[in-house]
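Engineer: I am attaching a structure below and will ask some questions about it afterwards.
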Amino acid sequence: PPMRAYVRRSQAARLAADARAALKLSRTAIDWGTRFFGQPFPFAKHDLVVIPGFPFGGMEHAGATFLDEAAVAIGAQATEGARRRRAQLVFHETVHQWLGDCVTMRGFDDLWLKEGFANLGAALCAEASDASLQPWLGFHRLKQAAVREDASSAPVAVRQPVAHPDDAKALYGPAVYGKAPAVLRQARHLLGAERFDEGVRALVAAHAYGNVGLEDLAAALDASGGWPMLAWLREWLERPGTPTVRLEIDARHGRVAEARIVQHDASGAGRRWTQRLRAVAIDSDGRARSTDLVLDGASVVIDAWRGAPVPRIAFANAGDVGYGRFLLDERTRAAEPEDRVFVRDAWLRLQLVEALWEHVREADLAPGAFIDFALRGLAAEEEWEVRVALVEHAH
């Protein structure tokens, strides 16, 4: 579609380069969305309106996106974080043109649907277009905010009835922006990317310029084949709370006798969540072995690891496809910062930092030990998002 960017006339010279950068990002997202949704851009044009003091980072409208000037005007010397946040914002709002504007949720109880898809789509778009944006690191941090809310004394369901539109303001929080996209990403992993994407394309094609709800999404995903989705989605979205998932490894003579992933409901309600996880074992030579398995009961055994050398670093949620509080086995928890050189994936390093912090919250790791780990880890860590996590938690 034809695209224009509107900025303040008095600031046109200062904002010109940043406005062009935002247009380029939006064009990237439009090209990606056309492929992913299997539908051309749904409106006759797409404008970016850059507004000073806009109270939100962005707001989608049919054929036009409003953006906060401060989020767009980051300048040529912008930090890596600012560059990534701007791309995430523009990608997020552009994805809304398909899911949010062309296809709109039926009511605010399904606000999660458009916001969840926008954050998931923004990460998938960034992954496909510019690896330097490291989208899954930011995705993980949003998800962790939701996990911690879910594990608090006042968790909030992602999907809940809204009696009046004014009441919807309370829904804009970690559950909608962090948990909803994480649940959708887990659904994509559970079904397989091809089947999930096929279901989303069918949803958009069948309901273009109309309204959808949870049941419509579930039906579209069911039609693509695989897992029955309505009950699964309701369990994750309509009830607050999160599993605590622990990796346990029994070793004998340097070999794995048994490895298992165990989940429990910290609330005491005895719930069990179903999700497909990817466990990874990293040996002393840096070689990584990953195994996909479904956790749908109290525990699941990782048969593929039996008899293998005891890993130097292990984690039950490689690729961050699962949702919950993921705790470490004893050997990984005790690993020194220097051992993390065997973890070449910055994404996994961030997950390990967050998991170690969860052990502080579990009161089985002293805060001082984490601070010492963080200070030593900062000396060797190069990835911006991981450094931020180390500093924030140590602080």
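Chains: A, B, ... in order of the structure tokens. Residues: from 1 per chain. Ligands: from 1, in order shown.
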Kindly assemble as JSON lines a list of the segment 158-261 of chain A residues that lie within 12 Å of segment 117-124 of chain A, each paired with its nearest atom pair and their distance in Å to one decimal, using only C-alpha atoms, sorted first by chain and then by ascending residue number.
Structural biologist:
{"residue": "A:Pro174", "atom": "CA", "partner": "A:Asn119", "partner_atom": "CA", "distance": 11.9}
{"residue": "A:Val176", "atom": "CA", "partner": "A:Asn119", "partner_atom": "CA", "distance": 9.8}
{"residue": "A:Tyr177", "atom": "CA", "partner": "A:Asn119", "partner_atom": "CA", "distance": 7.1}
{"residue": "A:Gly178", "atom": "CA", "partner": "A:Asn119", "partner_atom": "CA", "distance": 8.3}
{"residue": "A:Lys179", "atom": "CA", "partner": "A:Asn119", "partner_atom": "CA", "distance": 10.3}
{"residue": "A:Ala180", "atom": "CA", "partner": "A:Phe117", "partner_atom": "CA", "distance": 8.0}
{"residue": "A:Pro181", "atom": "CA", "partner": "A:Leu120", "partner_atom": "CA", "distance": 5.3}
{"residue": "A:Ala182", "atom": "CA", "partner": "A:Leu120", "partner_atom": "CA", "distance": 7.6}
{"residue": "A:Val183", "atom": "CA", "partner": "A:Leu120", "partner_atom": "CA", "distance": 9.7}
{"residue": "A:Leu184", "atom": "CA", "partner": "A:Phe117", "partner_atom": "CA", "distance": 7.4}
{"residue": "A:Arg185", "atom": "CA", "partner": "A:Leu120", "partner_atom": "CA", "distance": 6.9}
{"residue": "A:Gln186", "atom": "CA", "partner": "A:Leu120", "partner_atom": "CA", "distance": 10.6}
{"residue": "A:Ala187", "atom": "CA", "partner": "A:Leu120", "partner_atom": "CA", "distance": 11.4}
{"residue": "A:Arg188", "atom": "CA", "partner": "A:Leu120", "partner_atom": "CA", "distance": 10.3}
{"residue": "A:Ala193", "atom": "CA", "partner": "A:Leu124", "partner_atom": "CA", "distance": 11.3}
{"residue": "A:Asp197", "atom": "CA", "partner": "A:Gly121", "partner_atom": "CA", "distance": 10.9}
{"residue": "A:Val200", "atom": "CA", "partner": "A:Phe117", "partner_atom": "CA", "distance": 9.8}
{"residue": "A:Val204", "atom": "CA", "partner": "A:Phe117", "partner_atom": "CA", "distance": 12.0}
{"residue": "A:Leu217", "atom": "CA", "partner": "A:Phe117", "partner_atom": "CA", "distance": 11.3}
Engineer: Could the residues in this selection be written to a file with C-alpha atoms, as a compact mmCIF listing (two decimals), in the first residue's frame?
Structural biologist:
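Below is the file again-v2.txt, written as the result:
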# COMPACT_ATOMS: atom_id res chain seq x y z
CA PRO A 174 1.54 -8.70 31.79
CA VAL A 176 -2.28 -9.92 27.92
CA TYR A 177 1.12 -8.76 26.64
CA GLY A 178 3.30 -11.52 28.11
CA LYS A 179 1.32 -14.66 28.80
CA ALA A 180 -1.04 -14.52 25.81
CA PRO A 181 1.75 -14.47 23.18
CA ALA A 182 3.61 -17.15 25.14
CA VAL A 183 0.54 -19.41 25.11
CA LEU A 184 0.12 -18.84 21.38
CA ARG A 185 3.77 -19.67 20.80
CA GLN A 186 3.38 -22.84 22.88
CA ALA A 187 0.31 -23.74 20.77
CA ARG A 188 2.47 -23.28 17.67
CA ALA A 193 4.50 -24.37 13.06
CA ASP A 197 0.16 -21.05 10.71
CA VAL A 200 -4.26 -18.71 11.54
CA VAL A 204 -8.12 -14.49 8.85
CA LEU A 217 -9.44 -19.57 16.88
Engineer: Tell me which protein, DNA and RNA residues are within 12 Å of Ile30 of chain A, counting only C-alpha atoms, leaving out same-chain ones fewer than 3 positions away, and put them as a ChimeraX atom specification.
Structural biologist: /A:1-3,23-27,33-43,45-46,63,90-98,121-122,125-126,129
Engineer: Find the distance between atom CA of Glu60 of chain A and atom CA of His140 of chain A and write it in Å to one decimal.
Structural biologist: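 Distance reported for this atom pair: 23.6 Å.
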Engineer: Nearest to Arg272 of chain A among A:Ala308, A:Leu111, A:Leu295, A:Ala288, with distances taken over only C-alpha atoms: which residue is it?
Structural biologist: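 Checking each candidate against Arg272 of chain A, we get A:Leu295 as the closest.
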Engineer: Show me, as a list of chain:residue names, the residues that have an atom within 8 Å of segment 236-246 of chain A when counting only C-alpha atoms, minus same-chain residues fewer than 6 positions from it.
Structural biologist: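 Once the nearby chain positions are removed, what remains is A:Val147, A:Asp150, A:Ala151, A:Pro155, A:Val156, A:Ala157, A:Val158, A:Arg159, A:Gln160, A:Ala180, A:Val183, A:Ile261, A:Val262, A:Gln263, A:His264, A:Asp265, A:Ala266, A:Ser267, A:Arg272, A:Trp273, A:Ala316, A:Tyr323, A:Gly324, A:Arg325, A:Phe326, A:Leu327, A:Leu328, A:Asp329.
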Engineer: Dump N, CA, C and O atoms for the selected residues as a compact mmCIF listing (two decimals), in the first residue's frame?
Structural biologist:
# COMPACT_ATOMS: atom_id res chain seq x y z
N VAL A 147 4.86 -14.49 34.13
CA VAL A 147 5.08 -15.65 34.99
C VAL A 147 5.12 -15.23 36.45
O VAL A 147 4.51 -15.86 37.33
N ASP A 150 1.75 -14.42 37.63
CA ASP A 150 1.01 -15.67 37.81
C ASP A 150 1.40 -16.38 39.10
O ASP A 150 0.59 -17.11 39.68
N ALA A 151 2.65 -16.23 39.50
CA ALA A 151 3.15 -16.91 40.69
C ALA A 151 2.93 -16.09 41.96
O ALA A 151 3.29 -16.53 43.06
N PRO A 155 -2.73 -13.50 41.10
CA PRO A 155 -2.61 -13.73 39.65
C PRO A 155 -3.87 -13.29 38.91
O PRO A 155 -4.95 -13.23 39.48
N VAL A 156 -3.69 -12.99 37.64
CA VAL A 156 -4.80 -12.48 36.81
C VAL A 156 -4.96 -13.38 35.60
O VAL A 156 -3.98 -13.69 34.91
N ALA A 157 -6.17 -13.81 35.33
CA ALA A 157 -6.44 -14.62 34.14
C ALA A 157 -6.26 -13.79 32.88
O ALA A 157 -6.56 -12.59 32.86
N VAL A 158 -5.78 -14.42 31.83
CA VAL A 158 -5.62 -13.72 30.56
C VAL A 158 -6.98 -13.35 29.98
O VAL A 158 -7.19 -12.23 29.52
N ARG A 159 -7.90 -14.27 30.02
CA ARG A 159 -9.24 -14.06 29.44
C ARG A 159 -10.26 -14.01 30.57
O ARG A 159 -10.38 -14.95 31.35
N GLN A 160 -10.98 -12.91 30.66
CA GLN A 160 -11.97 -12.76 31.72
C GLN A 160 -13.12 -11.90 31.21
O GLN A 160 -12.94 -11.08 30.30
N ALA A 180 -0.28 -14.17 27.01
CA ALA A 180 -1.04 -14.52 25.81
C ALA A 180 -0.13 -14.88 24.63
O ALA A 180 -0.33 -15.92 24.00
N VAL A 183 1.46 -18.29 25.32
CA VAL A 183 0.54 -19.41 25.11
C VAL A 183 0.36 -19.70 23.63
O VAL A 183 0.35 -20.86 23.20
N ILE A 261 11.49 -34.45 34.06
CA ILE A 261 10.95 -33.11 34.25
C ILE A 261 9.70 -33.24 35.09
O ILE A 261 8.80 -34.02 34.76
N VAL A 262 9.66 -32.50 36.19
CA VAL A 262 8.57 -32.61 37.16
C VAL A 262 7.85 -31.26 37.26
O VAL A 262 8.50 -30.21 37.28
N GLN A 263 6.54 -31.27 37.30
CA GLN A 263 5.79 -30.03 37.49
C GLN A 263 4.92 -30.13 38.73
O GLN A 263 4.45 -31.21 39.10
N HIS A 264 4.72 -28.99 39.37
CA HIS A 264 3.75 -28.94 40.46
C HIS A 264 3.09 -27.57 40.47
O HIS A 264 3.61 -26.60 39.92
N ASP A 265 1.93 -27.53 41.10
CA ASP A 265 1.14 -26.31 41.19
C ASP A 265 1.42 -25.67 42.54
O ASP A 265 1.01 -26.19 43.59
N ALA A 266 2.14 -24.54 42.52
CA ALA A 266 2.53 -23.89 43.77
C ALA A 266 1.33 -23.39 44.56
O ALA A 266 1.42 -23.19 45.77
N SER A 267 0.18 -23.20 43.89
CA SER A 267 -1.01 -22.72 44.59
C SER A 267 -1.65 -23.79 45.46
O SER A 267 -2.52 -23.50 46.27
N ARG A 272 -2.53 -29.59 36.59
CA ARG A 272 -1.48 -30.07 35.69
C ARG A 272 -1.69 -29.38 34.35
O ARG A 272 -2.82 -29.31 33.84
N TRP A 273 -0.64 -28.85 33.79
CA TRP A 273 -0.70 -28.17 32.51
C TRP A 273 -0.06 -29.05 31.45
O TRP A 273 0.92 -29.75 31.71
N ALA A 316 15.31 -27.47 30.98
CA ALA A 316 14.10 -28.15 30.51
C ALA A 316 13.31 -27.36 29.48
O ALA A 316 12.34 -27.88 28.93
N TYR A 323 5.91 -22.46 29.19
CA TYR A 323 5.50 -21.38 30.08
C TYR A 323 5.51 -21.90 31.51
O TYR A 323 4.93 -22.95 31.80
N GLY A 324 6.15 -21.16 32.40
CA GLY A 324 6.17 -21.54 33.80
C GLY A 324 7.44 -21.06 34.47
O GLY A 324 8.26 -20.35 33.87
N ARG A 325 7.58 -21.43 35.72
CA ARG A 325 8.81 -21.15 36.47
C ARG A 325 9.71 -22.37 36.31
O ARG A 325 9.40 -23.45 36.83
N PHE A 326 10.80 -22.22 35.59
CA PHE A 326 11.67 -23.35 35.29
C PHE A 326 12.89 -23.32 36.20
O PHE A 326 13.65 -22.34 36.21
N LEU A 327 13.06 -24.39 36.98
CA LEU A 327 14.16 -24.50 37.93
C LEU A 327 15.22 -25.47 37.41
O LEU A 327 14.94 -26.33 36.57
N LEU A 328 16.43 -25.31 37.92
CA LEU A 328 17.59 -26.01 37.39
C LEU A 328 17.92 -27.25 38.20
O LEU A 328 17.63 -27.33 39.40
N ASP A 329 18.56 -28.22 37.56
CA ASP A 329 19.11 -29.35 38.30
C ASP A 329 20.30 -28.86 39.13
O ASP A 329 20.85 -27.76 38.89
Engineer: Would you mind listing what lies within 10 Å of Ala355 of chain A as JSON, numbers by chain, with only C-alpha atoms counted and same-chain residues fewer than 3 positions away left out?
Structural biologist: {"A": [315, 325, 326, 327, 328, 333, 349, 350, 351, 352, 358, 359, 360, 361]}
Engineer: For those residues, write C-alpha atoms to a file as a PDB file, in the first residue's frame.
Structural biologist:
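The result, written out as part-v9.pdb:
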ATOM      1  CA  PHE A 315      17.680 -26.952  30.965  1.00  0.00           C
ATOM      2  CA  ARG A 325       8.809 -21.154  36.474  1.00  0.00           C
ATOM      3  CA  PHE A 326      11.671 -23.347  35.289  1.00  0.00           C
ATOM      4  CA  LEU A 327      14.159 -24.500  37.929  1.00  0.00           C
ATOM      5  CA  LEU A 328      17.591 -26.009  37.390  1.00  0.00           C
ATOM      6  CA  ARG A 333      22.531 -24.421  39.431  1.00  0.00           C
ATOM      7  CA  ARG A 349      21.974 -17.719  28.706  1.00  0.00           C
ATOM      8  CA  LEU A 350      19.163 -15.267  29.489  1.00  0.00           C
ATOM      9  CA  GLN A 351      16.867 -18.148  30.458  1.00  0.00           C
ATOM     10  CA  LEU A 352      19.525 -19.593  32.752  1.00  0.00           C
ATOM     11  CA  GLU A 358      13.854 -18.148  40.496  1.00  0.00           C
ATOM     12  CA  HIS A 359      15.990 -20.224  42.866  1.00  0.00           C
ATOM     13  CA  VAL A 360      16.544 -17.075  44.926  1.00  0.00           C
ATOM     14  CA  ARG A 361      12.772 -16.626  45.018  1.00  0.00           C
TER      15      ARG A 361
END
Engineer: Please, what distance in Å, to one decimal, runs between atom CA of Asp250 of chain A and atom CA of Pro367 of chain A?
Structural biologist: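 Computing it gives 26.7 Å between the two atoms.
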Engineer: Enumerate, as JSON, numbers by chain, the complete set of residues in segment 105-346 of chain A that a backbone-based DSSP assignment places in alpha helix (DSSP H).
Structural biologist: {"A": [111, 112, 113, 114, 115, 116, 117, 118, 119, 120, 121, 122, 123, 124, 125, 126, 127, 128, 129, 135, 136, 137, 138, 139, 140, 141, 142, 143, 144, 145, 146, 147, 148, 149, 150, 174, 180, 181, 182, 183, 184, 185, 186, 187, 188, 189, 190, 191, 193, 194, 195, 196, 197, 198, 199, 200, 201, 202, 203, 204, 205, 206, 207, 214, 215, 216, 217, 218, 219, 220, 221, 222, 223, 230, 231, 232, 233, 234, 235, 236, 237, 330, 331, 332, 333, 346]}
Engineer: Select from segment 36-185 of chain A everything DSSP, run on the backbone, classes as strand (DSSP E), then give the selection as an MDAnalysis selection string.
Structural biologist: chainID A and resid 46:51 58:61 64:68 103:105
Engineer: Please produce a file of those selected residues containing N, CA and C atoms, as a PDB file, in the first residue's frame.
Structural biologist:
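Wrote result-v9.pdb, looks like this:
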ATOM      1  N   HIS A  46      -1.385   2.898   4.227  1.00  0.00           N
ATOM      2  CA  HIS A  46      -0.932   2.738   5.608  1.00  0.00           C
ATOM      3  C   HIS A  46      -0.066   3.930   5.988  1.00  0.00           C
ATOM      4  N   ASP A  47      -0.567   4.751   6.886  1.00  0.00           N
ATOM      5  CA  ASP A  47       0.165   5.928   7.348  1.00  0.00           C
ATOM      6  C   ASP A  47       0.689   5.711   8.761  1.00  0.00           C
ATOM      7  N   LEU A  48       1.820   6.350   9.047  1.00  0.00           N
ATOM      8  CA  LEU A  48       2.346   6.416  10.402  1.00  0.00           C
ATOM      9  C   LEU A  48       2.186   7.855  10.885  1.00  0.00           C
ATOM     10  N   VAL A  49       1.557   8.034  12.019  1.00  0.00           N
ATOM     11  CA  VAL A  49       1.314   9.359  12.572  1.00  0.00           C
ATOM     12  C   VAL A  49       2.113   9.446  13.875  1.00  0.00           C
ATOM     13  N   VAL A  50       3.157  10.259  13.849  1.00  0.00           N
ATOM     14  CA  VAL A  50       4.080  10.361  14.983  1.00  0.00           C
ATOM     15  C   VAL A  50       3.630  11.522  15.863  1.00  0.00           C
ATOM     16  N   ILE A  51       3.227  11.210  17.091  1.00  0.00           N
ATOM     17  CA  ILE A  51       2.542  12.181  17.957  1.00  0.00           C
ATOM     18  C   ILE A  51       3.371  12.435  19.214  1.00  0.00           C
ATOM     19  N   GLY A  58       2.062   2.882  20.949  1.00  0.00           N
ATOM     20  CA  GLY A  58       1.456   2.906  19.626  1.00  0.00           C
ATOM     21  C   GLY A  58      -0.014   2.542  19.727  1.00  0.00           C
ATOM     22  N   MET A  59      -0.742   2.812  18.667  1.00  0.00           N
ATOM     23  CA  MET A  59      -2.169   2.455  18.612  1.00  0.00           C
ATOM     24  C   MET A  59      -2.530   2.207  17.157  1.00  0.00           C
ATOM     25  N   GLU A  60      -3.072   1.025  16.908  1.00  0.00           N
ATOM     26  CA  GLU A  60      -3.425   0.664  15.545  1.00  0.00           C
ATOM     27  C   GLU A  60      -4.803   1.197  15.179  1.00  0.00           C
ATOM     28  N   HIS A  61      -4.940   1.657  13.942  1.00  0.00           N
ATOM     29  CA  HIS A  61      -6.221   2.017  13.353  1.00  0.00           C
ATOM     30  C   HIS A  61      -6.199   1.485  11.917  1.00  0.00           C
ATOM     31  N   ALA A  64      -3.847   3.152   9.425  1.00  0.00           N
ATOM     32  CA  ALA A  64      -2.991   4.168  10.037  1.00  0.00           C
ATOM     33  C   ALA A  64      -2.572   3.705  11.424  1.00  0.00           C
ATOM     34  N   THR A  65      -1.321   3.952  11.757  1.00  0.00           N
ATOM     35  CA  THR A  65      -0.804   3.616  13.080  1.00  0.00           C
ATOM     36  C   THR A  65      -0.306   4.885  13.747  1.00  0.00           C
ATOM     37  N   PHE A  66      -0.761   5.143  14.972  1.00  0.00           N
ATOM     38  CA  PHE A  66      -0.268   6.267  15.763  1.00  0.00           C
ATOM     39  C   PHE A  66       0.909   5.772  16.604  1.00  0.00           C
ATOM     40  N   LEU A  67       1.989   6.553  16.639  1.00  0.00           N
ATOM     41  CA  LEU A  67       3.193   6.170  17.368  1.00  0.00           C
ATOM     42  C   LEU A  67       3.656   7.320  18.252  1.00  0.00           C
ATOM     43  N   ASP A  68       4.125   6.986  19.429  1.00  0.00           N
ATOM     44  CA  ASP A  68       4.669   7.996  20.321  1.00  0.00           C
ATOM     45  C   ASP A  68       5.994   8.511  19.759  1.00  0.00           C
ATOM     46  N   VAL A 103      -9.408  -8.200  11.206  1.00  0.00           N
ATOM     47  CA  VAL A 103     -10.126  -9.174  12.029  1.00  0.00           C
ATOM     48  C   VAL A 103     -10.076  -8.655  13.461  1.00  0.00           C
ATOM     49  N   THR A 104     -11.229  -8.353  14.029  1.00  0.00           N
ATOM     50  CA  THR A 104     -11.317  -7.717  15.341  1.00  0.00           C
ATOM     51  C   THR A 104     -11.933  -8.676  16.348  1.00  0.00           C
ATOM     52  N   MET A 105     -11.439  -8.633  17.572  1.00  0.00           N
ATOM     53  CA  MET A 105     -12.029  -9.499  18.606  1.00  0.00           C
ATOM     54  C   MET A 105     -13.488  -9.113  18.825  1.00  0.00           C
TER      55      MET A 105
END
Engineer: Counting only C-alpha atoms, which residue out of A:Pro309, A:Gly210, A:Gly107, A:Pro228 sits closest to Asp167 of chain A?
Structural biologist: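 So, comparing all the options, the nearest one is A:Gly107.
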Engineer: Using atom CA of Ala76 of chain A and atom CA of Ala17 of chain A as the two end points, give the distance in Å to one decimal.
Structural biologist: 8.3 Å
Engineer: Counting only C-alpha atoms, what is within 9 Å of segment 380-393 of chain A, bar same-chain residues fewer than 2 positions away, as a compact mmCIF listing (two decimals) with N, CA, C and O atoms, in the first residue's frame?
Structural biologist:
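File produced: result_7.txt:
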# COMPACT_ATOMS: atom_id res chain seq x y z
N GLU A 80 21.32 0.05 21.57
CA GLU A 80 20.79 -1.18 21.00
C GLU A 80 19.39 -1.46 21.53
O GLU A 80 18.50 -1.90 20.79
N GLY A 81 19.17 -1.17 22.80
CA GLY A 81 17.85 -1.40 23.37
C GLY A 81 16.79 -0.54 22.72
O GLY A 81 15.68 -1.02 22.42
N GLN A 134 17.37 -9.70 17.89
CA GLN A 134 17.23 -10.67 18.97
C GLN A 134 15.83 -10.63 19.59
O GLN A 134 15.66 -10.42 20.80
N LEU A 137 14.63 -12.52 22.94
CA LEU A 137 15.11 -12.09 24.24
C LEU A 137 14.10 -11.12 24.88
O LEU A 137 13.74 -11.25 26.05
N GLY A 138 13.64 -10.15 24.10
CA GLY A 138 12.61 -9.25 24.60
C GLY A 138 11.31 -9.98 24.87
O GLY A 138 10.59 -9.68 25.84
N ARG A 141 11.52 -11.66 28.23
CA ARG A 141 11.41 -10.76 29.38
C ARG A 141 9.95 -10.35 29.63
O ARG A 141 9.52 -10.23 30.77
N PRO A 337 29.96 -18.82 36.63
CA PRO A 337 29.74 -17.97 35.45
C PRO A 337 30.64 -18.37 34.29
O PRO A 337 30.23 -18.30 33.13
N GLU A 338 31.84 -18.79 34.59
CA GLU A 338 32.78 -19.17 33.53
C GLU A 338 32.28 -20.39 32.75
O GLU A 338 32.62 -20.59 31.58
N VAL A 341 30.36 -20.17 29.24
CA VAL A 341 30.96 -20.04 27.91
C VAL A 341 30.55 -21.21 27.02
O VAL A 341 30.61 -21.13 25.79
N ALA A 346 22.72 -16.81 23.27
CA ALA A 346 22.40 -15.75 24.22
C ALA A 346 21.01 -15.92 24.80
O ALA A 346 20.76 -15.59 25.97
N TRP A 347 20.11 -16.41 24.02
CA TRP A 347 18.74 -16.64 24.46
C TRP A 347 18.72 -17.63 25.64
O TRP A 347 18.08 -17.40 26.66
N ARG A 349 21.28 -18.33 27.57
CA ARG A 349 21.97 -17.72 28.71
C ARG A 349 21.01 -16.84 29.50
O ARG A 349 21.04 -16.83 30.74
N LEU A 350 20.15 -16.09 28.80
CA LEU A 350 19.16 -15.27 29.49
C LEU A 350 18.21 -16.14 30.30
O LEU A 350 17.89 -15.84 31.46
N GLN A 351 17.76 -17.25 29.73
CA GLN A 351 16.87 -18.15 30.46
C GLN A 351 17.54 -18.71 31.71
O GLN A 351 16.90 -18.85 32.76
N VAL A 353 19.90 -17.31 33.48
CA VAL A 353 19.96 -16.24 34.49
C VAL A 353 18.61 -16.11 35.19
O VAL A 353 18.54 -16.03 36.43
N GLU A 354 17.52 -16.10 34.42
CA GLU A 354 16.20 -15.97 35.01
C GLU A 354 15.88 -17.18 35.89
O GLU A 354 15.26 -17.04 36.96
N TRP A 357 17.60 -16.85 39.16
CA TRP A 357 16.89 -15.90 40.01
C TRP A 357 15.65 -16.53 40.64
O TRP A 357 15.30 -16.23 41.79
N PHE A 370 23.76 -15.04 44.32
CA PHE A 370 23.34 -14.57 42.99
C PHE A 370 24.06 -13.28 42.63
O PHE A 370 24.48 -13.10 41.47
N ILE A 371 24.20 -12.36 43.57
CA ILE A 371 24.90 -11.10 43.30
C ILE A 371 26.33 -11.38 42.87
O ILE A 371 26.83 -10.78 41.91
N PHE A 373 27.42 -14.10 41.46
CA PHE A 373 27.32 -14.67 40.12
C PHE A 373 27.12 -13.58 39.08
O PHE A 373 27.75 -13.57 38.01
N ALA A 374 26.22 -12.62 39.38
CA ALA A 374 25.91 -11.56 38.43
C ALA A 374 27.13 -10.68 38.17
O ALA A 374 27.42 -10.33 37.01
N LEU A 375 27.86 -10.31 39.21
CA LEU A 375 29.01 -9.43 39.03
C LEU A 375 30.10 -10.12 38.20
O LEU A 375 30.72 -9.50 37.34
N ARG A 376 30.29 -11.40 38.46
CA ARG A 376 31.30 -12.13 37.68
C ARG A 376 30.82 -12.37 36.25
O ARG A 376 31.60 -12.33 35.30
N GLY A 377 29.50 -12.60 36.11
CA GLY A 377 28.96 -12.84 34.77
C GLY A 377 28.99 -11.61 33.90
O GLY A 377 29.20 -11.70 32.68
N LEU A 378 28.81 -10.43 34.49
CA LEU A 378 28.83 -9.18 33.71
C LEU A 378 30.16 -8.96 33.02
O LEU A 378 30.22 -8.37 31.94
N HIS A 395 20.37 -5.91 41.44
CA HIS A 395 19.94 -4.68 42.10
C HIS A 395 18.78 -4.95 43.06
O HIS A 395 18.72 -4.38 44.14
